[in-house]
>>> print(open('run.pdb').read())   # PDB, C-alpha atoms
ATOM      1  CA  MET I 157      89.487  90.317  99.575
ATOM      2  CA  ALA I 158      86.382  88.581  98.222
ATOM      3  CA  MET I 159      82.956  89.983  97.631
ATOM      4  CA  ALA I 160      80.196  87.678  98.781
ATOM      5  CA  ARG I 161      77.698  89.516  96.631
ATOM      6  CA  SER I 162      77.868  92.696  94.627
ATOM      7  CA  ARG I 163      74.911  92.974  92.269
ATOM      8  CA  THR I 164      71.967  95.271  92.881
ATOM      9  CA  VAL I 165      68.968  93.346  94.148
ATOM     10  CA  SER I 166      66.068  93.286  91.706
ATOM     11  CA  ALA I 167      64.592  89.827  91.153
ATOM     12  CA  PRO I 168      64.362  87.592  94.233
ATOM     13  CA  THR I 169      67.560  85.692  94.989
ATOM     14  CA  ARG I 170      67.398  81.983  94.216
ATOM     15  CA  VAL I 171      68.018  80.019  97.416
ATOM     16  CA  VAL I 172      68.388  76.290  98.112
ATOM     17  CA  VAL I 173      68.207  75.001 101.672
ATOM     18  CA  LEU I 174      69.995  71.825 102.766
ATOM     19  CA  ALA I 175      68.463  70.097 105.788
ATOM     20  CA  SER I 176      68.283  66.754 107.565
ATOM     21  CA  GLY I 177      65.767  66.983 110.388
ATOM     22  CA  ARG I 178      62.798  68.928 111.723
ATOM     23  CA  GLY I 179      63.342  71.933 109.486
ATOM     24  CA  THR I 180      62.562  74.680 111.993
ATOM     25  CA  ASN I 181      65.218  76.961 110.510
ATOM     26  CA  LEU I 182      63.793  76.187 107.077
ATOM     27  CA  GLN I 183      60.388  77.219 108.380
ATOM     28  CA  ALA I 184      61.808  80.484 109.695
ATOM     29  CA  ILE I 185      63.165  81.215 106.212
ATOM     30  CA  ILE I 186      59.833  80.303 104.584
ATOM     31  CA  ASP I 187      57.943  82.546 106.987
ATOM     32  CA  ALA I 188      60.340  85.452 106.478
ATOM     33  CA  ALA I 189      60.017  85.177 102.714
ATOM     34  CA  ARG I 190      56.224  85.046 102.815
ATOM     35  CA  GLU I 191      55.417  87.416 105.658
ATOM     36  CA  GLY I 192      58.497  89.514 106.251
ATOM     37  CA  GLY I 193      59.383  90.502 102.725
ATOM     38  CA  LEU I 194      62.693  88.610 102.558
ATOM     39  CA  PRO I 195      63.556  88.995  98.841
ATOM     40  CA  ILE I 196      64.318  85.368  98.010
ATOM     41  CA  GLU I 197      62.855  82.555  95.951
ATOM     42  CA  LEU I 198      63.194  79.154  97.601
ATOM     43  CA  VAL I 199      63.838  77.006  94.551
ATOM     44  CA  GLY I 200      64.486  73.744  96.381
ATOM     45  CA  VAL I 201      65.126  71.879  99.585
ATOM     46  CA  VAL I 202      67.665  69.071  99.492
ATOM     47  CA  TYR I 203      67.535  66.594 102.353
ATOM     48  CA  ASN I 204      69.374  63.357 103.091
ATOM     49  CA  ARG I 205      67.141  61.433 105.503
ATOM     50  CA  ALA I 206      63.951  59.736 104.335
ATOM     51  CA  GLY I 207      60.963  60.900 106.354
ATOM     52  CA  ALA I 208      62.625  64.074 107.622
ATOM     53  CA  ARG I 209      60.091  66.707 108.651
ATOM     54  CA  CYS I 210      61.889  69.362 106.634
ATOM     55  CA  ALA I 211      60.499  67.701 103.489
ATOM     56  CA  THR I 212      56.960  68.009 104.851
ATOM     57  CA  ARG I 213      57.505  71.700 105.563
ATOM     58  CA  ALA I 214      58.806  72.198 102.033
ATOM     59  CA  ALA I 215      55.816  70.401 100.525
ATOM     60  CA  ARG I 216      53.356  72.503 102.523
ATOM     61  CA  ALA I 217      55.047  75.635 101.221
ATOM     62  CA  GLY I 218      55.056  74.395  97.622
ATOM     63  CA  ILE I 219      58.840  74.105  97.479
ATOM     64  CA  PRO I 220      60.344  71.169  95.539
ATOM     65  CA  ALA I 221      62.078  68.755  97.920
ATOM     66  CA  HIS I 222      64.818  66.410  96.722
ATOM     67  CA  LEU I 223      65.935  63.380  98.717
ATOM     68  CA  LEU I 224      69.602  62.505  98.239
ATOM     69  CA  ILE I 225      70.428  59.624 100.573
ATOM     70  CA  SER I 226      73.891  60.018 102.040
ATOM     71  CA  ARG I 227      74.222  56.846 104.101
ATOM     72  CA  GLY I 228      77.182  54.718 103.051
ATOM     73  CA  LEU I 229      78.823  57.446 100.980
ATOM     74  CA  ASP I 230      82.016  59.250 101.900
ATOM     75  CA  ARG I 231      82.291  63.043 101.878
ATOM     76  CA  GLU I 232      83.520  63.445  98.328
ATOM     77  CA  SER I 233      81.245  60.796  96.793
ATOM     78  CA  TYR I 234      78.184  62.391  98.309
ATOM     79  CA  GLY I 235      79.547  65.807  97.436
ATOM     80  CA  GLN I 236      79.537  64.903  93.753
ATOM     81  CA  ILE I 237      75.900  63.789  93.885
ATOM     82  CA  LEU I 238      74.955  66.921  95.776
ATOM     83  CA  LEU I 239      76.866  69.150  93.368
ATOM     84  CA  GLU I 240      75.002  67.735  90.388
ATOM     85  CA  LYS I 241      71.656  68.490  92.023
ATOM     86  CA  LEU I 242      72.721  71.990  93.045
ATOM     87  CA  LEU I 243      73.940  72.806  89.547
ATOM     88  CA  GLU I 244      70.552  71.683  88.276
ATOM     89  CA  LEU I 245      68.736  73.960  90.748
ATOM     90  CA  ALA I 246      71.108  76.879  90.016
ATOM     91  CA  PRO I 247      70.930  78.699  93.361
ATOM     92  CA  GLU I 248      72.579  82.039  93.987
ATOM     93  CA  LEU I 249      72.789  81.187  97.696
ATOM     94  CA  ILE I 250      72.871  77.860  99.547
ATOM     95  CA  VAL I 251      71.812  77.685 103.189
ATOM     96  CA  THR I 252      72.679  74.649 105.293
ATOM     97  CA  ALA I 253      70.164  74.537 108.135
ATOM     98  CA  GLY I 254      70.489  71.445 110.287
ATOM     99  CA  PHE I 255      72.245  69.535 107.510
ATOM    100  CA  ASN I 256      74.219  66.718 109.106
ATOM    101  CA  ARG I 257      76.729  66.111 106.333
ATOM    102  CA  ILE I 258      80.096  67.818 105.920
ATOM    103  CA  MET I 259      80.177  69.662 102.615
ATOM    104  CA  GLY I 260      82.233  68.135  99.823
ATOM    105  CA  THR I 261      85.126  70.233  98.578
ATOM    106  CA  GLN I 262      83.766  70.240  95.036
ATOM    107  CA  VAL I 263      80.544  71.900  96.229
ATOM    108  CA  ILE I 264      82.461  74.592  98.102
ATOM    109  CA  ALA I 265      84.660  75.232  95.074
ATOM    110  CA  ALA I 266      81.609  75.620  92.847
ATOM    111  CA  PHE I 267      79.885  78.082  95.198
ATOM    112  CA  PRO I 268      82.604  80.179  96.886
ATOM    113  CA  ASN I 269      81.213  82.551  99.533
ATOM    114  CA  ARG I 270      77.728  81.468  98.498
ATOM    115  CA  ILE I 271      77.091  78.835 101.190
ATOM    116  CA  ILE I 272      76.132  79.817 104.729
ATOM    117  CA  ASN I 273      75.620  77.577 107.741
ATOM    118  CA  ILE I 274      73.951  77.933 111.130
ATOM    119  CA  HIS I 275      75.725  76.266 114.055
ATOM    120  CA  PRO I 276      74.413  75.969 117.642
ATOM    121  CA  SER I 277      77.459  77.318 119.473
ATOM    122  CA  LEU I 278      79.546  80.453 119.639
ATOM    123  CA  LEU I 279      82.217  79.385 117.196
ATOM    124  CA  PRO I 280      85.047  78.576 117.343
ATOM    125  CA  ALA I 281      83.877  76.910 120.579
ATOM    126  CA  PHE I 282      82.372  73.434 120.216
ATOM    127  CA  ALA I 283      82.825  73.186 116.468
ATOM    128  CA  GLY I 284      82.325  70.016 114.506
ATOM    129  CA  GLY I 285      80.069  68.220 116.956
ATOM    130  CA  LEU I 286      76.473  67.058 116.784
ATOM    131  CA  HIS I 287      75.917  67.745 120.486
ATOM    132  CA  ALA I 288      77.194  71.289 120.892
ATOM    133  CA  GLN I 289      74.733  72.220 123.628
ATOM    134  CA  ALA I 290      75.468  69.129 125.732
ATOM    135  CA  ASP I 291      79.178  69.739 125.221
ATOM    136  CA  ALA I 292      78.778  73.341 126.372
ATOM    137  CA  LEU I 293      76.996  72.240 129.534
ATOM    138  CA  ALA I 294      79.584  69.554 130.216
ATOM    139  CA  HIS I 295      82.296  72.184 129.896
ATOM    140  CA  GLY I 296      80.537  74.451 132.359
ATOM    141  CA  VAL I 297      80.239  77.516 130.141
ATOM    142  CA  LYS I 298      78.117  80.437 131.325
ATOM    143  CA  ILE I 299      77.338  81.806 127.858
ATOM    144  CA  SER I 300      76.421  79.740 124.825
ATOM    145  CA  GLY I 301      74.663  80.690 121.619
ATOM    146  CA  CYS I 302      74.769  80.257 117.863
ATOM    147  CA  THR I 303      76.758  81.365 114.818
ATOM    148  CA  VAL I 304      76.044  81.985 111.144
ATOM    149  CA  HIS I 305      79.115  81.654 108.956
ATOM    150  CA  PHE I 306      80.274  81.117 105.405
ATOM    151  CA  VAL I 307      81.223  77.521 104.639
ATOM    152  CA  ASP I 308      84.780  76.674 103.637
ATOM    153  CA  ASN I 309      86.808  73.474 103.536
ATOM    154  CA  GLU I 310      87.356  73.416 107.304
ATOM    155  CA  VAL I 311      84.474  72.168 109.454
ATOM    156  CA  ASP I 312      82.606  75.034 111.162
ATOM    157  CA  ALA I 313      85.560  77.328 110.575
ATOM    158  CA  GLY I 314      84.480  79.694 107.794
ATOM    159  CA  PRO I 315      84.248  83.478 108.190
ATOM    160  CA  ILE I 316      81.637  84.458 110.765
ATOM    161  CA  ILE I 317      78.680  86.569 109.633
ATOM    162  CA  GLY I 318      76.811  86.873 112.928
ATOM    163  CA  GLN I 319      76.383  85.435 116.392
ATOM    164  CA  ALA I 320      73.829  85.521 119.189
ATOM    165  CA  ALA I 321      74.636  84.865 122.840
ATOM    166  CA  VAL I 322      72.390  82.869 125.163
ATOM    167  CA  ALA I 323      72.977  82.762 128.906
ATOM    168  CA  VAL I 324      73.227  79.311 130.450
ATOM    169  CA  ARG I 325      70.880  78.876 133.406
ATOM    170  CA  GLU I 326      71.682  76.844 136.491
ATOM    171  CA  ASP I 327      68.803  74.459 135.805
ATOM    172  CA  ASP I 328      69.494  74.026 132.081
ATOM    173  CA  ASP I 329      69.789  70.662 130.426
ATOM    174  CA  ALA I 330      70.646  70.087 126.778
ATOM    175  CA  GLY I 331      66.996  70.283 125.765
ATOM    176  CA  SER I 332      66.178  73.578 127.451
ATOM    177  CA  LEU I 333      69.382  75.246 126.330
ATOM    178  CA  SER I 334      68.893  73.977 122.776
ATOM    179  CA  ALA I 335      65.365  75.402 122.662
ATOM    180  CA  ARG I 336      66.496  78.898 123.622
ATOM    181  CA  ILE I 337      69.429  78.782 121.218
ATOM    182  CA  LEU I 338      67.114  77.647 118.424
ATOM    183  CA  GLU I 339      65.002  80.772 118.862
ATOM    184  CA  GLN I 340      68.096  82.860 118.220
ATOM    185  CA  GLU I 341      69.147  80.673 115.285
ATOM    186  CA  HIS I 342      65.932  81.560 113.484
ATOM    187  CA  LEU I 343      66.586  85.271 113.934
ATOM    188  CA  ILE I 344      70.248  85.497 112.981
ATOM    189  CA  LEU I 345      69.943  83.104 110.046
ATOM    190  CA  VAL I 346      67.188  85.153 108.438
ATOM    191  CA  GLU I 347      69.149  88.331 109.169
ATOM    192  CA  ALA I 348      72.266  86.900 107.515
ATOM    193  CA  ILE I 349      70.324  85.869 104.418
ATOM    194  CA  GLU I 350      68.812  89.330 104.157
ATOM    195  CA  MET I 351      72.219  90.997 104.434
ATOM    196  CA  TYR I 352      73.612  88.666 101.795
ATOM    197  CA  VAL I 353      70.870  89.297  99.244
ATOM    198  CA  LYS I 354      71.095  93.052  99.817
ATOM    199  CA  GLY I 355      74.827  93.017  99.094
ATOM    200  CA  ARG I 356      75.874  93.996 102.599
ATOM    201  CA  LEU I 357      78.455  91.263 103.249
ATOM    202  CA  ARG I 358      82.087  91.517 102.209
ATOM    203  CA  VAL I 359      84.601  88.786 103.043
ATOM    204  CA  GLU I 360      88.111  89.999 103.837
ATOM    205  CA  GLY I 361      90.208  87.007 104.814
ATOM    206  CA  ARG I 362      88.664  85.622 107.979
ATOM    207  CA  ARG I 363      86.541  88.684 108.583
ATOM    208  CA  VAL I 364      83.089  89.451 107.232
ATOM    209  CA  ARG I 365      82.441  93.159 107.033
ATOM    210  CA  ILE I 366      78.829  94.322 107.158
ATOM    211  CA  LEU I 367      78.269  97.249 104.825
ATOM    212  CA  ASP I 368      75.714 100.003 105.166
ATOM    213  CA  ARG I 369      73.597  99.757 102.052
ATOM    214  CA  ASP I 370      69.935 100.237 101.272
TER     215      ASP I 370
END
>>> encode(input="run.pdb", output="structure tokens")
Amino acid sequence: MAMARSRTVSAPTRVVVLASGRGTNLQAIIDAAREGGLPIELVGVVYNRAGARCATRAARAGIPAHLLISRGLDRESYGQILLEKLLELAPELIVTAGFNRIMGTQVIAAFPNRIINIHPSLLPAFAGGLHAQADALAHGVKISGCTVHFVDNEVDAGPIIGQAAVAVREDDDAGSLSARILEQEHLILVEAIEMYVKGRLRVEGRRVRILDRD
């Protein structure tokens, strides 16, 4: 049994977000922290693609953004660079939100049960792919959705914190399905962060138990 978090919340929890693209999940976190009372301090955004819109969102919110180019580096080489930056930023929680790199094992070892990821499918279905919604449509599923989970050394296979289901419509394409799933991503990701910082998540093997705490 492993506790994801056990201390009483007082000061805001230090959070770093890893992103690669538009940063809409990052924006949902920013908005929740500013307007919804989410008790976190966003101490940095780390991104790996020059010109990514997530960096613009971070700048507008006054959050330091750090570009760590990943092209040409293998998983472990990039993981070492990323680890050094994360140790410098000293987060209590790391959130990967549209980050298109697989986490290096050294990062996971340094932050056990302190990294959460949002994935646009109902895991374990359609794990590990960059086109989960298109894959779901190609497979003919009737229900799709999204999953928030802790990150471990297996791709998209860590203990599941929460999920949201989205019905697939007859006229859906990858774009329309993705848009509706993204709305749910914003909700369950913020909810998972809030439960984490309030000490309500307990990892027991593959299961995440949600505790009733104020």
>>> atom_distance(input="run.pdb", atom1="CA of Arg170 (chain I)", atom2="CA of Ile186 (chain I)")
12.9 Å
>>> closest_residue(input="run.pdb", among="I:Leu174, I:Ala206, I:Ala189, I:Val322", to="Leu239 (chain I)", atoms="all atoms listed in the file")
I:Leu174
>>> resolve_selection(input="run.pdb", expression="the PyMOL selection byres ((chain I and resi 335-339) around 7)", output="compact mmCIF listing (two decimals) with C-alpha atoms, in the frame of the given file")
# COMPACT_ATOMS: atom_id res chain seq x y z
CA PRO I 276 74.41 75.97 117.64
CA GLY I 301 74.66 80.69 121.62
CA CYS I 302 74.77 80.26 117.86
CA VAL I 322 72.39 82.87 125.16
CA GLY I 331 67.00 70.28 125.76
CA SER I 332 66.18 73.58 127.45
CA LEU I 333 69.38 75.25 126.33
CA SER I 334 68.89 73.98 122.78
CA GLN I 340 68.10 82.86 118.22
CA GLU I 341 69.15 80.67 115.28
CA HIS I 342 65.93 81.56 113.48
CA LEU I 343 66.59 85.27 113.93
>>> resolve_selection(input="run.pdb", expression="the PyMOL selection byres ((chain I and resi 254) around 10)", output="VMD selection string")
chain I and resid 173 to 182 203 210 251 to 253 255 to 257 273 to 276 286
>>> closest_residue(input="run.pdb", among="I:Asn204, I:Asp328, I:Ala320, I:Gly218", to="Gly296 (chain I)", atoms="all atoms listed in the file")
I:Asp328
>>> closest_residue(input="run.pdb", among="I:Ile316, I:Leu194, I:Ile344, I:Val201", to="Leu357 (chain I)", atoms="all atoms listed in the file")
I:Ile316
>>> resolve_selection(input="run.pdb", expression="the PyMOL selection byres ((chain I and resi 279) around 12)", output="ChimeraX atom specification")
/I:273-278,280-285,288,292,299-305,311-321
>>> closest_residue(input="run.pdb", among="I:Leu345, I:Ile258, I:Val171, I:Ala215", to="Pro195 (chain I)", atoms="all atoms listed in the file")
I:Val171
>>> atom_distance(input="run.pdb", atom1="CA of Pro247 (chain I)", atom2="CA of Val202 (chain I)")
11.9 Å
>>> closest_residue(input="run.pdb", among="I:Ala211, I:Ala323, I:Leu242, I:Ile366", to="Tyr352 (chain I)", atoms="all atoms listed in the file")
I:Ile366
>>> atom_distance(input="run.pdb", atom1="CA of Val172 (chain I)", atom2="CA of Ile250 (chain I)")
5.0 Å
>>> closest_residue(input="run.pdb", among="I:Arg325, I:Arg362, I:Arg231, I:Arg213", to="Gln262 (chain I)", atoms="all atoms listed in the file")
I:Arg231
>>> build_atoms(input="run.pdb", residues="region 189-210 of chain I", atoms="N, CA and C atoms", output="compact mmCIF listing (two decimals), keeping the file's coordinate frame")
# COMPACT_ATOMS: atom_id res chain seq x y z
N ALA I 189 60.22 84.89 104.13
CA ALA I 189 60.02 85.18 102.71
C ALA I 189 58.56 85.53 102.42
N ARG I 190 57.65 84.85 103.09
CA ARG I 190 56.22 85.05 102.82
C ARG I 190 55.64 86.24 103.56
N GLU I 191 56.07 86.43 104.80
CA GLU I 191 55.42 87.42 105.66
C GLU I 191 56.30 88.63 105.94
N GLY I 192 57.61 88.43 105.88
CA GLY I 192 58.50 89.51 106.25
C GLY I 192 59.16 90.22 105.10
N GLY I 193 58.83 89.82 103.88
CA GLY I 193 59.38 90.50 102.72
C GLY I 193 60.82 90.15 102.39
N LEU I 194 61.33 89.02 102.90
CA LEU I 194 62.69 88.61 102.56
C LEU I 194 62.74 88.34 101.06
N PRO I 195 63.60 89.05 100.31
CA PRO I 195 63.56 89.00 98.84
C PRO I 195 64.28 87.77 98.26
N ILE I 196 63.73 86.60 98.53
CA ILE I 196 64.32 85.37 98.01
C ILE I 196 63.24 84.52 97.36
N GLU I 197 63.70 83.61 96.51
CA GLU I 197 62.86 82.56 95.95
C GLU I 197 63.46 81.22 96.39
N LEU I 198 62.73 80.47 97.17
CA LEU I 198 63.19 79.15 97.60
C LEU I 198 62.93 78.17 96.46
N VAL I 199 63.99 77.82 95.75
CA VAL I 199 63.84 77.01 94.55
C VAL I 199 63.99 75.52 94.83
N GLY I 200 64.37 75.16 96.06
CA GLY I 200 64.49 73.74 96.38
C GLY I 200 64.99 73.52 97.78
N VAL I 201 64.59 72.39 98.33
CA VAL I 201 65.13 71.88 99.58
C VAL I 201 65.75 70.53 99.28
N VAL I 202 66.99 70.35 99.66
CA VAL I 202 67.67 69.07 99.49
C VAL I 202 67.86 68.48 100.88
N TYR I 203 67.42 67.25 101.05
CA TYR I 203 67.54 66.59 102.35
C TYR I 203 68.08 65.19 102.17
N ASN I 204 68.65 64.63 103.24
CA ASN I 204 69.37 63.36 103.09
C ASN I 204 68.85 62.24 103.98
N ARG I 205 67.73 62.47 104.64
CA ARG I 205 67.14 61.43 105.50
C ARG I 205 65.69 61.24 105.13
N ALA I 206 65.34 60.03 104.69
CA ALA I 206 63.95 59.74 104.34
C ALA I 206 63.05 59.99 105.54
N GLY I 207 61.92 60.64 105.29
CA GLY I 207 60.96 60.90 106.35
C GLY I 207 61.25 62.14 107.18
N ALA I 208 62.29 62.88 106.85
CA ALA I 208 62.62 64.07 107.62
C ALA I 208 61.49 65.09 107.51
N ARG I 209 61.20 65.76 108.62
CA ARG I 209 60.09 66.71 108.65
C ARG I 209 60.34 67.94 107.80
N CYS I 210 61.60 68.22 107.50
CA CYS I 210 61.89 69.36 106.63
C CYS I 210 61.23 69.19 105.27
